[in-house]
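Below is protein_5.csv, which holds CSV, C-alpha atoms.
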```csv
chain,number,residue,atom,x,y,z
A,1,MET,CA,16.7,-8.4,-25.4
A,2,ILE,CA,18.0,-9.8,-28.7
A,3,GLY,CA,15.3,-10.5,-31.2
A,4,LEU,CA,15.1,-13.6,-33.4
A,5,VAL,CA,13.8,-13.9,-37.0
A,6,VAL,CA,13.1,-17.3,-38.6
A,7,VAL,CA,13.2,-17.3,-42.4
A,8,SER,CA,11.9,-20.4,-44.2
A,9,HIS,CA,10.6,-21.0,-47.7
A,10,SER,CA,7.4,-22.2,-46.0
A,11,ALA,CA,5.3,-19.8,-43.9
A,12,LYS,CA,4.1,-22.8,-41.9
A,13,ALA,CA,7.6,-24.1,-41.2
A,14,ALA,CA,8.7,-20.6,-40.0
A,15,GLU,CA,5.7,-20.3,-37.7
A,16,GLY,CA,6.1,-23.8,-36.4
A,17,ILE,CA,9.8,-23.3,-35.6
A,18,CYS,CA,8.9,-20.0,-33.8
A,19,GLU,CA,6.3,-22.0,-31.8
A,20,LEU,CA,8.9,-24.5,-30.7
A,21,ALA,CA,11.5,-21.8,-29.9
A,22,ALA,CA,8.9,-19.9,-27.9
A,23,GLU,CA,8.6,-22.8,-25.5
A,24,MET,CA,12.4,-22.6,-24.8
A,25,GLY,CA,12.8,-18.8,-24.7
A,26,GLY,CA,9.4,-17.4,-24.0
A,27,ASP,CA,10.4,-13.8,-23.5
A,28,ALA,CA,12.6,-13.3,-26.6
A,29,PRO,CA,10.9,-11.4,-29.4
A,30,LEU,CA,10.4,-14.0,-32.2
A,31,GLU,CA,9.3,-13.2,-35.7
A,32,ALA,CA,8.4,-15.7,-38.5
A,33,ALA,CA,9.3,-14.5,-42.0
A,34,GLY,CA,8.3,-17.5,-44.1
A,35,GLY,CA,6.9,-17.7,-47.6
A,36,ASP,CA,7.1,-15.4,-50.6
A,37,GLY,CA,4.7,-12.8,-49.2
A,38,ASP,CA,2.1,-13.9,-51.7
A,39,SER,CA,1.0,-17.1,-49.9
A,40,GLY,CA,3.4,-19.1,-52.0
A,41,ILE,CA,6.6,-21.0,-51.2
A,42,GLY,CA,9.7,-18.8,-51.3
A,43,THR,CA,11.4,-16.0,-49.4
A,44,ASP,CA,11.1,-12.2,-49.6
A,45,ALA,CA,13.6,-9.6,-48.6
A,46,GLU,CA,11.0,-7.0,-47.7
A,47,ARG,CA,9.1,-9.4,-45.5
A,48,ILE,CA,12.4,-10.4,-43.8
A,49,GLY,CA,13.3,-6.7,-43.4
A,50,ASN,CA,10.0,-6.0,-41.7
A,51,ALA,CA,10.4,-9.0,-39.4
A,52,ILE,CA,13.9,-7.8,-38.4
A,53,ALA,CA,12.4,-4.3,-37.6
A,54,ALA,CA,9.7,-6.0,-35.5
A,55,ALA,CA,12.1,-8.3,-33.6
A,56,ASP,CA,14.7,-5.7,-32.9
A,57,GLU,CA,14.2,-3.9,-29.5
A,58,GLY,CA,17.3,-1.8,-30.1
A,59,GLU,CA,20.0,-4.4,-29.2
A,60,GLY,CA,19.8,-6.2,-32.5
A,61,ALA,CA,18.4,-9.4,-34.0
A,62,VAL,CA,19.7,-12.8,-35.1
A,63,VAL,CA,18.3,-14.4,-38.3
A,64,LEU,CA,17.9,-18.2,-38.8
A,65,VAL,CA,17.5,-19.3,-42.4
A,66,ASP,CA,16.8,-22.5,-44.3
A,67,LEU,CA,18.0,-22.9,-47.9
A,68,GLY,CA,19.4,-20.9,-50.9
A,69,SER,CA,17.3,-17.8,-51.4
A,70,ALA,CA,16.5,-17.5,-47.7
A,71,VAL,CA,20.2,-16.8,-47.2
A,72,MET,CA,20.4,-14.3,-50.1
A,73,ASN,CA,17.2,-12.5,-49.2
A,74,ALA,CA,18.2,-12.3,-45.5
A,75,GLU,CA,21.6,-10.8,-46.5
A,76,LEU,CA,19.8,-8.3,-48.7
A,77,ALA,CA,17.3,-7.4,-45.9
A,78,ILE,CA,20.2,-6.9,-43.5
A,79,GLU,CA,22.0,-4.6,-46.0
A,80,MET,CA,18.9,-2.5,-46.3
A,81,THR,CA,18.2,-2.1,-42.5
A,82,ASP,CA,19.8,0.1,-39.9
A,83,ALA,CA,19.3,-2.6,-37.2
A,84,ASN,CA,22.3,-4.6,-35.9
A,85,ALA,CA,21.3,-8.0,-37.4
A,86,GLU,CA,23.3,-11.1,-38.3
A,87,ILE,CA,22.6,-14.5,-39.9
A,88,ALA,CA,23.5,-17.5,-37.8
A,89,ASP,CA,25.1,-20.3,-39.9
A,90,ALA,CA,23.1,-23.0,-38.2
A,91,PRO,CA,20.4,-25.7,-38.8
A,92,ILE,CA,17.2,-23.6,-38.7
A,93,LEU,CA,15.3,-25.6,-36.0
A,94,GLU,CA,18.0,-26.5,-33.6
A,95,GLY,CA,19.7,-23.2,-34.1
A,96,ALA,CA,16.5,-21.3,-33.3
A,97,LEU,CA,16.0,-23.3,-30.1
A,98,ASN,CA,19.6,-22.5,-29.0
A,99,ALA,CA,19.2,-18.9,-30.0
A,100,ALA,CA,16.0,-18.5,-28.1
A,101,VAL,CA,17.6,-19.9,-24.9
A,102,GLU,CA,20.6,-17.6,-25.2
A,103,ALA,CA,18.4,-14.6,-26.0
A,104,THR,CA,16.6,-14.8,-22.7
A,105,ASN,CA,20.0,-14.4,-20.9
A,106,GLU,CA,20.1,-10.7,-20.0
A,107,LYS,CA,23.8,-10.4,-20.9
A,108,SER,CA,23.3,-11.9,-24.4
A,109,THR,CA,24.5,-10.0,-27.4
A,110,VAL,CA,24.0,-10.6,-31.2
A,111,ASP,CA,27.4,-12.3,-31.2
A,112,SER,CA,26.6,-14.6,-28.3
A,113,VAL,CA,23.3,-15.6,-29.8
A,114,VAL,CA,24.9,-16.3,-33.1
A,115,GLU,CA,27.5,-18.4,-31.4
A,116,LYS,CA,25.0,-20.4,-29.4
A,117,ALA,CA,22.9,-21.0,-32.6
A,118,GLU,CA,26.0,-22.1,-34.5
A,119,GLU,CA,26.8,-24.7,-31.8
A,120,ALA,CA,23.9,-26.6,-33.3
A,121,GLN,CA,26.0,-27.4,-36.3
A,122,SER,CA,27.6,-30.2,-34.5
A,123,TYR,CA,24.5,-31.8,-33.0
A,124,ARG,CA,23.9,-35.5,-33.9
A,125,LYS,CA,20.6,-37.3,-33.7
A,126,LEU,CA,22.1,-40.8,-33.3
A,127,SER,CA,25.3,-41.4,-31.4
B,1,MET,CA,28.8,9.8,-75.5
B,2,VAL,CA,25.1,9.8,-76.0
B,3,ASP,CA,23.4,12.7,-74.2
B,4,GLU,CA,21.6,12.1,-70.9
B,5,SER,CA,18.0,12.2,-72.1
B,6,THR,CA,18.8,9.7,-74.8
B,7,GLN,CA,20.4,7.4,-72.2
B,8,GLN,CA,17.2,7.7,-70.1
B,9,GLU,CA,15.0,6.9,-73.1
B,10,ALA,CA,17.2,3.9,-73.9
B,11,ILE,CA,17.1,2.6,-70.4
B,12,ARG,CA,13.3,2.8,-70.3
B,13,ALA,CA,13.1,1.1,-73.8
B,14,ALA,CA,15.4,-1.6,-72.6
B,15,ALA,CA,13.3,-2.3,-69.5
B,16,GLU,CA,10.2,-2.5,-71.7
B,17,ALA,CA,11.9,-4.9,-74.2
B,18,VAL,CA,13.2,-7.2,-71.5
B,19,ALA,CA,9.8,-7.3,-69.8
B,20,ASP,CA,8.1,-8.2,-73.1
B,21,ARG,CA,10.7,-10.9,-73.9
B,22,LEU,CA,10.5,-12.5,-70.5
B,23,GLU,CA,6.7,-12.6,-70.7
B,24,ASP,CA,7.1,-14.4,-74.1
B,25,GLU,CA,9.7,-16.8,-72.7
B,26,LYS,CA,7.8,-17.4,-69.4
B,27,GLU,CA,6.7,-20.9,-70.2
B,28,TYR,CA,10.0,-21.9,-71.7
B,29,LEU,CA,12.0,-20.7,-68.7
B,30,THR,CA,9.6,-22.4,-66.3
B,31,ASP,CA,9.9,-25.6,-68.3
B,32,LEU,CA,13.7,-25.5,-67.9
B,33,ASP,CA,13.3,-24.7,-64.2
B,34,SER,CA,10.8,-27.6,-63.6
B,35,ALA,CA,13.4,-30.0,-64.9
B,36,ILE,CA,16.1,-29.1,-62.3
B,37,GLY,CA,14.5,-26.4,-60.0
B,38,ASP,CA,11.3,-25.3,-58.5
B,39,ALA,CA,9.5,-24.3,-61.7
B,40,ASP,CA,9.0,-20.6,-60.8
B,41,HIS,CA,11.8,-18.9,-62.8
B,42,GLY,CA,9.7,-17.8,-65.8
B,43,SER,CA,6.7,-16.4,-63.9
B,44,ASN,CA,8.9,-14.8,-61.2
B,45,LEU,CA,11.1,-13.0,-63.8
B,46,ALA,CA,8.2,-12.0,-66.1
B,47,ARG,CA,6.3,-10.5,-63.1
B,48,GLY,CA,9.4,-8.7,-61.7
B,49,PHE,CA,10.6,-7.2,-65.0
B,50,ARG,CA,7.1,-6.1,-65.9
B,51,ALA,CA,6.8,-4.2,-62.6
B,52,ALA,CA,10.3,-2.8,-63.2
B,53,ALA,CA,9.5,-1.5,-66.7
B,54,ASP,CA,6.3,0.0,-65.4
B,55,ALA,CA,8.2,1.7,-62.5
B,56,VAL,CA,10.4,3.6,-64.9
B,57,ALA,CA,8.0,4.0,-67.9
B,58,ASP,CA,6.9,7.5,-67.0
B,59,ASP,CA,9.9,8.6,-65.0
B,60,GLU,CA,11.4,11.6,-66.8
B,61,GLU,CA,13.2,12.9,-63.8
B,62,SER,CA,15.6,10.3,-62.6
B,63,THR,CA,19.2,10.2,-63.8
B,64,PRO,CA,20.4,7.0,-65.7
B,65,GLU,CA,21.9,5.8,-62.4
B,66,GLU,CA,18.7,6.3,-60.5
B,67,LEU,CA,16.6,4.6,-63.2
B,68,VAL,CA,18.8,1.5,-63.2
B,69,LYS,CA,18.7,1.5,-59.4
B,70,LYS,CA,14.9,1.8,-59.4
B,71,ILE,CA,14.8,-1.3,-61.8
B,72,GLY,CA,16.9,-3.2,-59.3
B,73,VAL,CA,14.9,-2.2,-56.2
B,74,THR,CA,11.6,-3.0,-58.0
B,75,LEU,CA,12.9,-6.5,-58.9
B,76,ILE,CA,13.9,-7.1,-55.3
B,77,SER,CA,10.4,-6.4,-54.1
B,78,LYS,CA,8.6,-8.2,-56.9
B,79,VAL,CA,10.6,-11.3,-57.8
B,80,GLY,CA,10.4,-14.1,-55.4
B,81,GLY,CA,13.1,-16.7,-54.6
B,82,ALA,CA,16.8,-16.3,-55.4
B,83,SER,CA,16.2,-14.2,-58.5
B,84,GLY,CA,15.2,-11.1,-56.5
B,85,PRO,CA,18.5,-10.7,-54.7
B,86,LEU,CA,20.5,-12.1,-57.7
B,87,TYR,CA,19.1,-10.0,-60.5
B,88,GLY,CA,17.6,-7.1,-58.5
B,89,GLY,CA,20.2,-6.8,-55.8
B,90,SER,CA,23.1,-7.0,-58.3
B,91,ILE,CA,21.5,-4.4,-60.6
B,92,MET,CA,20.9,-2.1,-57.6
B,93,SER,CA,24.5,-2.5,-56.4
B,94,ALA,CA,26.1,-2.1,-59.8
B,95,SER,CA,24.0,1.0,-60.6
B,96,GLN,CA,26.6,3.0,-58.7
B,97,THR,CA,29.0,2.6,-61.6
B,98,LEU,CA,26.7,4.7,-63.7
B,99,ASP,CA,27.0,7.9,-61.6
B,100,GLU,CA,28.4,9.8,-64.6
B,101,GLY,CA,26.1,8.2,-67.1
B,102,VAL,CA,26.3,5.3,-69.5
B,103,THR,CA,29.5,5.2,-71.5
B,104,ALA,CA,31.7,2.4,-72.9
B,105,GLU,CA,33.9,2.7,-69.8
B,106,SER,CA,31.0,2.8,-67.3
B,107,SER,CA,29.3,-0.1,-69.1
B,108,VAL,CA,32.4,-2.3,-68.5
B,109,ALA,CA,32.5,-1.2,-64.9
B,110,PHE,CA,28.8,-2.0,-64.5
B,111,ALA,CA,29.2,-5.4,-66.1
B,112,GLU,CA,32.1,-6.3,-63.8
B,113,ALA,CA,30.3,-5.0,-60.7
B,114,TYR,CA,27.2,-7.0,-61.6
B,115,LEU,CA,29.2,-10.2,-62.1
B,116,ASP,CA,31.1,-9.7,-58.8
B,117,LYS,CA,27.8,-9.2,-56.9
B,118,VAL,CA,26.1,-12.2,-58.4
B,119,LYS,CA,29.1,-14.4,-57.6
B,120,ASP,CA,29.4,-13.0,-54.1
B,121,ARG,CA,25.6,-13.1,-53.3
B,122,GLY,CA,25.1,-16.6,-54.8
B,123,ASP,CA,28.5,-17.9,-53.5
B,124,ALA,CA,28.9,-19.5,-57.0
B,125,GLN,CA,32.0,-20.0,-59.0
B,126,LEU,CA,32.4,-20.7,-62.7
B,127,GLY,CA,31.2,-24.2,-63.6
B,128,ALA,CA,28.6,-24.6,-61.0
B,129,LYS,CA,25.8,-24.6,-63.6
B,130,THR,CA,24.4,-21.2,-62.8
B,131,MET,CA,24.0,-17.8,-64.5
B,132,VAL,CA,27.7,-17.2,-63.6
B,133,ASP,CA,28.5,-19.5,-66.5
B,134,ALA,CA,26.8,-17.2,-69.0
B,135,LEU,CA,27.9,-13.9,-67.3
B,136,THR,CA,31.6,-14.7,-67.0
B,137,PRO,CA,32.3,-15.2,-70.7
B,138,ALA,CA,30.0,-12.3,-71.5
B,139,VAL,CA,31.7,-9.9,-69.2
B,140,HIS,CA,35.2,-11.0,-70.1
B,141,THR,CA,34.4,-10.7,-73.8
B,142,PHE,CA,32.8,-7.3,-73.4
B,143,LYS,CA,35.8,-5.9,-71.3
B,144,LYS,CA,38.4,-7.3,-73.8
B,145,SER,CA,36.5,-6.1,-76.8
B,146,ILE,CA,36.2,-2.5,-75.4
B,147,GLU,CA,39.6,-2.2,-73.6
B,148,VAL,CA,41.9,-4.3,-75.7
B,149,ASP,CA,40.3,-4.5,-79.1
B,150,GLU,CA,38.8,-1.0,-78.9
B,151,LEU,CA,35.7,-2.2,-80.8
B,152,PRO,CA,32.6,0.1,-81.0
B,153,PRO,CA,30.5,-0.5,-77.9
B,154,LEU,CA,27.7,-2.1,-79.9
B,155,THR,CA,30.0,-4.6,-81.6
B,156,ALA,CA,31.6,-5.4,-78.2
B,157,PHE,CA,28.1,-6.0,-76.6
B,158,ALA,CA,27.2,-8.2,-79.6
B,159,LYS,CA,30.3,-10.3,-79.0
B,160,ALA,CA,29.4,-10.4,-75.3
B,161,THR,CA,25.9,-11.7,-76.1
B,162,ALA,CA,27.4,-14.4,-78.4
B,163,ALA,CA,29.7,-15.3,-75.5
B,164,ALA,CA,26.8,-15.6,-73.2
B,165,GLU,CA,25.1,-18.1,-75.6
B,166,ARG,CA,28.2,-20.3,-75.4
B,167,GLY,CA,28.0,-20.1,-71.6
B,168,VAL,CA,24.4,-21.2,-71.7
B,169,GLU,CA,25.4,-24.2,-73.9
B,170,TYR,CA,28.2,-25.0,-71.4
B,171,THR,CA,25.6,-25.4,-68.6
B,172,VAL,CA,23.9,-28.3,-70.3
B,173,PRO,CA,26.5,-31.1,-69.9
B,174,ILE,CA,27.8,-30.2,-66.4
B,175,ARG,CA,26.6,-31.1,-63.0
B,176,ALA,CA,25.0,-28.4,-60.8
B,177,ARG,CA,26.9,-27.4,-57.7
B,178,LYS,CA,24.8,-24.5,-56.6
B,179,GLY,CA,21.1,-23.7,-56.2
B,180,ARG,CA,18.2,-26.0,-56.1
B,181,ALA,CA,19.5,-28.0,-59.0
B,182,SER,CA,22.5,-29.1,-56.9
B,183,TYR,CA,20.1,-31.3,-54.8
B,184,LEU,CA,19.5,-33.4,-57.9
B,185,GLY,CA,23.2,-34.3,-58.2
B,186,TRP,CA,24.0,-36.3,-61.4
B,187,ARG,CA,20.3,-36.0,-62.6
B,188,SER,CA,21.0,-32.3,-63.3
B,189,VAL,CA,23.4,-33.2,-66.1
B,190,GLY,CA,21.9,-32.8,-69.5
B,191,HIS,CA,19.6,-29.9,-68.5
B,192,GLN,CA,20.1,-26.2,-69.5
B,193,ASP,CA,20.4,-23.8,-66.6
B,194,PRO,CA,17.3,-21.4,-66.4
B,195,GLY,CA,19.2,-18.5,-64.9
B,196,ALA,CA,22.0,-18.6,-67.5
B,197,THR,CA,19.3,-18.8,-70.2
B,198,SER,CA,17.3,-15.8,-68.9
B,199,THR,CA,20.6,-13.8,-68.5
B,200,TRP,CA,21.3,-14.5,-72.2
B,201,PHE,CA,17.7,-13.5,-73.2
B,202,ILE,CA,18.1,-10.2,-71.3
B,203,MET,CA,21.3,-9.5,-73.1
B,204,GLN,CA,19.7,-10.2,-76.5
B,205,GLU,CA,17.1,-7.5,-75.7
B,206,LEU,CA,19.6,-5.0,-74.4
B,207,LEU,CA,21.6,-5.6,-77.7
B,208,ASP,CA,18.5,-5.0,-79.7
B,209,VAL,CA,17.7,-1.7,-78.0
B,210,ALA,CA,21.4,-0.6,-78.2
B,211,ASP,CA,21.3,-1.2,-81.9
B,212,ASP,CA,18.7,1.6,-82.2
B,213,TYR,CA,21.0,4.1,-80.6
B,214,LEU,CA,24.6,3.0,-81.6
B,215,ASP,CA,26.6,2.2,-84.7
B,216,GLY,CA,28.5,-1.0,-85.1
B,217,GLU,CA,28.3,-4.7,-86.1
B,218,THR,CA,25.9,-7.0,-84.4
B,219,ASP,CA,26.4,-10.1,-86.5
B,220,VAL,CA,29.6,-11.2,-84.8
B,221,ASP,CA,31.0,-14.3,-83.1
B,222,ALA,CA,32.6,-14.4,-79.6
B,223,ARG,CA,35.7,-15.8,-81.1
B,224,SER,CA,38.6,-13.4,-82.1
B,225,PRO,CA,40.5,-14.0,-85.3
B,226,THR,CA,43.1,-16.8,-84.7
B,227,ILE,CA,45.8,-14.6,-86.2
B,228,PRO,CA,45.3,-10.9,-85.4
B,229,ASP,CA,45.2,-8.9,-88.6
B,230,GLU,CA,47.1,-6.0,-87.1
B,231,THR,CA,50.5,-5.9,-85.5
B,232,PRO,CA,50.6,-4.7,-81.9
B,233,ASP,CA,52.3,-1.5,-83.0
B,234,GLU,CA,49.4,-0.7,-85.3
B,235,VAL,CA,47.0,-1.3,-82.4
B,236,ASP,CA,48.9,1.2,-80.2
B,237,ASP,CA,48.6,3.8,-83.0
B,238,ALA,CA,44.9,3.3,-83.4
```

In structure tokens, write the structure found in this file.
Amino acid sequence: MIGLVVVSHSAKAAEGICELAAEMGGDAPLEAAGGDGDSGIGTDAERIGNAIAAADEGEGAVVLVDLGSAVMNAELAIEMTDANAEIADAPILEGALNAAVEATNEKSTVDSVVEKAEEAQSYRKLS
Amino acid sequence: MVDESTQQEAIRAAAEAVADRLEDEKEYLTDLDSAIGDADHGSNLARGFRAAADAVADDEESTPEELVKKIGVTLISKVGGASGPLYGGSIMSASQTLDEGVTAESSVAFAEAYLDKVKDRGDAQLGAKTMVDALTPAVHTFKKSIEVDELPPLTAFAKATAAAERGVEYTVPIRARKGRASYLGWRSVGHQDPGATSTWFIMQELLDVADDYLDGETDVDARSPTIPDETPDEVDDA
């Protein structure tokens, strides 16, 4: 199964998003990689790298990110890992829910999970 | 070319000088960052470069390329936020240009590789009020001074440092388009970019250390003479 990693500047936000996503896709490996690794606000490449390693069961992992340095540290972590991991260009919460649903599909791939997550780009809250 | 053990010594000295300077400027950088960012630039960089200087302080084994890479890798693990990937990741990636040691040519290659990586990683172009605004004039001036004007490397780096200062000043009156400051929109105008500023401080320290090892002028301006004093033919003969 494809693993999911949620990267937020806030450890609480990352964990909360994982909680919500777990309700949708209970079986998919979900890892929160929030905060700077030193109980502060921020992101940390090493922490993200470890989360990717933990979420990857061999078929790869998809990374959901919030702002700025989350993207850069996730890119750096992916460059330094051997796992097949990709960042989804999606809103972090809605993208994580979509990704979790797709990840429970046995035929899902990293590409298909990224694609589903990115569908959340067009979601509107008010019509 | 300076021999390898002198290069290693200079790299360790540079890491130490940069770490000390950033410790001294910690509050100033954090003040700049609290105006338009998240107020962590000074402490993040000071902590990271201190760890990087310590990591190479007693390393007598590594080649110049490996030392520079080690500095980058340490920064990635010790600097939080965007500065880890931007400074550490770019140093790590650009260190490959030093596989045959530190020369005038490889320094230009390093500078260009570093700038490319920062722009790519940060997805920032010139004029977005970021460190790219200090780095671009610095790298262009360095390359031109070495490759076209054939200035001594120390003089070329002094001109590059002067060019970086102009870049830092340019960040003040423009609106941020990248990074946390961009969320402030027009309120970012009138504030100096912390990343451009720390980049310039780092270059000042590198220049100071280079001055201990190389000959050349350091009291120079980024501007070239309006009318070149030599004809192109004479330059070719030089």

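Among A:Glu119, A:Asp27, A:Asp56, A:Glu75, the residue with the shortest atom-to-atom distance to chain B, counting only C-alpha atoms, is A:Glu75.
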
**Message:** Tell me as number ranges by chain which residues belonging to chain B come within 10 Å of chain A, counting all atoms listed in the file.
**Reply:** B: 38, 40, 76-86, 89, 120-123, 178-180

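Residues of protein, DNA and RNA with at least one atom no farther than 6 Å from (26.0, -23.7, -62.1) are, using only C-alpha atoms, Gly127, Ala128, Lys129, Thr130, Ala176, Arg177 and Lys178 of chain B.
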
**Who sits within 12 Å of B:Trp200, all atoms listed in the file, same chain under 6 positions skipped, as a ChimeraX atom specification** = /B:18,21-22,25,29,130-139,157-158,160-169,193-194,206-207

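Distance-wise, atom CA of A:Ala103 and atom CA of A:Gln121 end up 18.1 Å apart.
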
**Prompt:** What residues have an atom no more than 7 Å from (10.4, -13.1, -37.6) in the file's own frame, counting all atoms listed in the file, and can you write them as a VMD selection string?
**Reply:** chain A and resid 4 to 7 30 to 33 51 to 52 55

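Note that atom CA of A:Ala11 and atom CA of A:Ala100 are 19.1 Å apart.
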
**Request:** Using all atoms listed in the file, determine which residues lie at most 12 Å from A:Asn105, disregarding the query and same-chain residues fewer than 4 positions distant; provide the list as JSON, numbers by chain.
**Result:** {"A": [1, 2, 3, 24, 25, 26, 27, 28, 98, 99, 100, 101, 109, 110, 112, 113, 116]}

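The interatomic distance for the pair atom CA of B:Glu147 and atom CA of B:Ile71 works out to 27.5 Å.
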
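Nearest-residue note for A:Thr81: choosing from A:Thr104, A:Ser127, A:Ser10, A:Asn50, the minimum distance belongs to A:Asn50, counting only C-alpha atoms.
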
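Around A:Glu94, within 6 Å and counting all atoms listed in the file, the residues found are Pro91, Leu97 and Ala120 of chain A, once anything fewer than 3 positions away on its own chain is removed.
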
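Taking all atoms listed in the file into account, A:Ala83 lies nearest to A:Ala53 out of the set A:Ser108, A:Val62, A:Lys125, A:Ala53.
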
**Message:** Would you pick out the contacts of A:Leu20 at 9 Å or less, using all atoms listed in the file, so that residues sharing its chain but fewer than 5 positions from it are not included, and give the list as a ChimeraX atom specification?
**Reply:** /A:15,93,96-97

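In this comparison, which uses only C-alpha atoms, the residue of A:Asp111, A:Lys12, A:Glu118, A:Ala88 approaching A:Ser39 most closely is A:Lys12.
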
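Nearest residue to B:Arg187 among B:Pro173, B:Pro64, B:Gly48, B:Pro153 is B:Pro173, counting all atoms listed in the file.
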
Missing atoms in stretch 60-75 of chain A should be modelled up to N, CA and C atoms and reported as a compact mmCIF listing (two decimals), in the frame of the given file.
```
# COMPACT_ATOMS: atom_id res chain seq x y z
N GLY A 60 19.46 -5.45 -31.32
CA GLY A 60 19.80 -6.20 -32.50
C GLY A 60 18.96 -7.49 -32.63
N ALA A 61 19.18 -8.19 -33.75
CA ALA A 61 18.40 -9.40 -34.00
C ALA A 61 19.30 -10.44 -34.71
N VAL A 62 18.95 -11.70 -34.50
CA VAL A 62 19.70 -12.80 -35.10
C VAL A 62 18.68 -13.52 -36.07
N VAL A 63 19.15 -13.83 -37.28
CA VAL A 63 18.30 -14.40 -38.30
C VAL A 63 18.68 -15.86 -38.55
N LEU A 64 17.68 -16.75 -38.45
CA LEU A 64 17.90 -18.20 -38.80
C LEU A 64 17.28 -18.43 -40.14
N VAL A 65 17.97 -19.18 -40.98
CA VAL A 65 17.50 -19.30 -42.40
C VAL A 65 17.50 -20.81 -42.78
N ASP A 66 16.68 -21.13 -43.79
CA ASP A 66 16.80 -22.50 -44.30
C ASP A 66 17.68 -22.52 -45.57
N LEU A 67 17.14 -22.63 -46.79
CA LEU A 67 18.00 -22.90 -47.90
C LEU A 67 18.19 -21.67 -48.86
N GLY A 68 19.22 -21.75 -49.68
CA GLY A 68 19.40 -20.90 -50.90
C GLY A 68 18.94 -19.46 -50.75
N SER A 69 17.76 -19.19 -51.32
CA SER A 69 17.30 -17.80 -51.40
C SER A 69 17.00 -17.22 -50.06
N ALA A 70 16.76 -18.07 -49.05
CA ALA A 70 16.50 -17.50 -47.70
C ALA A 70 17.78 -16.81 -47.23
N VAL A 71 18.94 -17.38 -47.54
CA VAL A 71 20.20 -16.80 -47.20
C VAL A 71 20.38 -15.44 -47.92
N MET A 72 20.15 -15.50 -49.24
CA MET A 72 20.40 -14.30 -50.10
C MET A 72 19.41 -13.17 -49.69
N ASN A 73 18.14 -13.51 -49.49
CA ASN A 73 17.20 -12.50 -49.20
C ASN A 73 17.41 -11.92 -47.75
N ALA A 74 17.88 -12.77 -46.84
CA ALA A 74 18.20 -12.30 -45.50
C ALA A 74 19.40 -11.35 -45.55
N GLU A 75 20.41 -11.70 -46.35
CA GLU A 75 21.60 -10.80 -46.50
C GLU A 75 21.14 -9.45 -47.04
```
